[in-house]
Amino acid sequence: MVISGEPESARVLPALPDHDQEAGEIRWDRWEPAIAASHIDPRCPTCAFDGPLSTAFGKTWYTPEPTPVRVKRSSPGQPSQWAHAQHQPYWCKTHYAVRCPQCDEMTVYRRRGWVEIYYRPPTTERAVPQTDDNVLF
């Protein structure tokens with residue numbers, strides 16, 4: 001059975017930034033519902049969506065600084081011997097993104113200092129909920 005009318009358009013989520021000037025390449029986890037916390041308002045401040053908002057963590061490649069390790073203990077009259085050990089690099093959670101599922105307003109933060117590095121304004125046609133008489137206020 002074919003229903004006449006226009007086909008429903010596929011929804012495209014806004015793209016997350018794939019690079020940070022200070023941290024380099026960013027790899028993002030999937031969008032997940034935000035954790036409910038009693039001291040945080042779960043509503044979107046723009047469109048008043050009841051929540052929860054969606055969140056995602058971003059990871060960057062981190063190479064730790066070499067650290068000193070003792071290779072030989074001291075003995076009477078002899079100091080300890082030290083060397084620098086290089087630990088293996090790994091993907092480290094360094095970024096955090098928050099998005100409203102209703103209007104797609106999105107903000108991305110660098111977790112060190114919670115610096116905002118990216119903002120995507122809301123999709124205007126979805127930011128304001130429909131009303132019966134098309135009067136906004």
# chains A, B, ... in the order shown; residues from 1 in each chain; ligands from 1

call {"tool": "select_by_dssp", "arguments": {"residues": "segment 24-137 of chain A", "states": "alpha helix (DSSP H)", "output": "PyMOL selection string"}}
result
chain A and resi 124-127

call {"tool": "write_last_selection", "arguments": {"atoms": "N, CA, C and O atoms", "output": "compact mmCIF listing (two decimals), in the first residue's frame"}}
result
# COMPACT_ATOMS: atom_id res chain seq x y z
N THR A 124 16.29 26.43 13.55
CA THR A 124 15.23 27.40 13.83
C THR A 124 13.83 26.82 13.67
O THR A 124 12.95 27.12 14.45
N GLU A 125 13.61 25.98 12.67
CA GLU A 125 12.25 25.47 12.49
C GLU A 125 11.84 24.48 13.57
O GLU A 125 10.68 24.20 13.74
N ARG A 126 12.81 23.96 14.33
CA ARG A 126 12.47 23.03 15.40
C ARG A 126 12.69 23.63 16.78
O ARG A 126 12.37 23.03 17.77
N ALA A 127 13.28 24.83 16.84
CA ALA A 127 13.60 25.42 18.14
C ALA A 127 12.36 25.89 18.88
O ALA A 127 12.34 25.87 20.10

call {"tool": "select_by_dssp", "arguments": {"residues": "segment 4-137 of chain A", "states": "strand (DSSP E)", "output": "MDAnalysis selection string"}}
result
chainID A and resid 19:20 24:25 27:28 32:33 54:62 67:72 81:85 90:99 106:110 115:120

call {"tool": "residues_around", "arguments": {"residues": "segment 69-75 of chain A", "least_positions_apart": "5", "cutoff": "9 Å", "atoms": "only C-alpha atoms", "output": "PyMOL selection string"}}
result
chain A and resi 80-85

call {"tool": "atom_distance", "arguments": {"atom1": "atom CA of Pro101 of chain A", "atom2": "atom CA of Gly58 of chain A"}}
result
18.5 Å

call {"tool": "closest_residue", "arguments": {"among": "A:Tyr109, A:Phe57, A:Tyr118, A:Tyr62", "to": "Trp31 of chain A", "atoms": "only C-alpha atoms"}}
result
A:Phe57

call {"tool": "residues_around", "arguments": {"residues": "Ala56 of chain A", "least_positions_apart": "4", "cutoff": "7 Å", "atoms": "only C-alpha atoms", "output": "list in words"}}
result
Trp28, Asp29, Arg30, Trp31, Glu32, Tyr96, Ala97 and Val98 of chain A

call {"tool": "closest_residue", "arguments": {"among": "A:Asp50, A:Pro122, A:His87, A:Thr55", "to": "Thr67 of chain A", "atoms": "only C-alpha atoms"}}
result
A:His87

call {"tool": "atom_distance", "arguments": {"atom1": "atom CA of Glu22 of chain A", "atom2": "atom CA of Arg120 of chain A"}}
result
19.8 Å

call {"tool": "residues_around", "arguments": {"residues": "Gln86 of chain A", "least_positions_apart": "3", "cutoff": "9 Å", "atoms": "only C-alpha atoms", "output": "mmCIF file with N, CA, C and O atoms, in the first residue's frame"}}
result
data_model
loop_
_atom_site.group_PDB
_atom_site.id
_atom_site.type_symbol
_atom_site.label_atom_id
_atom_site.label_comp_id
_atom_site.auth_asym_id
_atom_site.auth_seq_id
_atom_site.Cartn_x
_atom_site.Cartn_y
_atom_site.Cartn_z
ATOM 1 N N THR A 63 50.137 11.160 24.719
ATOM 2 C CA THR A 63 51.426 10.523 24.977
ATOM 3 C C THR A 63 51.957 11.070 26.295
ATOM 4 O O THR A 63 52.287 12.258 26.392
ATOM 5 N N PRO A 64 52.013 10.232 27.338
ATOM 6 C CA PRO A 64 52.489 10.721 28.643
ATOM 7 C C PRO A 64 53.952 11.140 28.582
ATOM 8 O O PRO A 64 54.729 10.645 27.772
ATOM 9 N N GLU A 65 54.303 12.063 29.449
ATOM 10 C CA GLU A 65 55.702 12.487 29.578
ATOM 11 C C GLU A 65 56.526 11.326 30.138
ATOM 12 O O GLU A 65 56.019 10.535 30.940
ATOM 13 N N PRO A 66 57.781 11.210 29.736
ATOM 14 C CA PRO A 66 58.625 10.181 30.351
ATOM 15 C C PRO A 66 58.766 10.435 31.851
ATOM 16 O O PRO A 66 58.837 11.577 32.286
ATOM 17 N N THR A 67 58.778 9.354 32.619
ATOM 18 C CA THR A 67 58.884 9.492 34.071
ATOM 19 C C THR A 67 60.166 8.815 34.551
ATOM 20 O O THR A 67 60.590 7.797 34.002
ATOM 21 N N PRO A 89 51.325 5.456 24.732
ATOM 22 C CA PRO A 89 50.272 6.442 24.494
ATOM 23 C C PRO A 89 48.896 5.763 24.448
ATOM 24 O O PRO A 89 48.801 4.549 24.220
#

call {"tool": "atom_distance", "arguments": {"atom1": "atom CA of Pro17 of chain A", "atom2": "atom CA of Ile117 of chain A"}}
result
9.1 Å

call {"tool": "closest_residue", "arguments": {"among": "A:Ala36, A:Cys47, A:Cys92, A:Ile26", "to": "Asp104 of chain A", "atoms": "only C-alpha atoms"}}
result
A:Cys47

call {"tool": "closest_residue", "arguments": {"among": "A:Pro68, A:Ala34, A:Thr94, A:Cys103", "to": "Leu53 of chain A", "atoms": "only C-alpha atoms"}}
result
A:Ala34
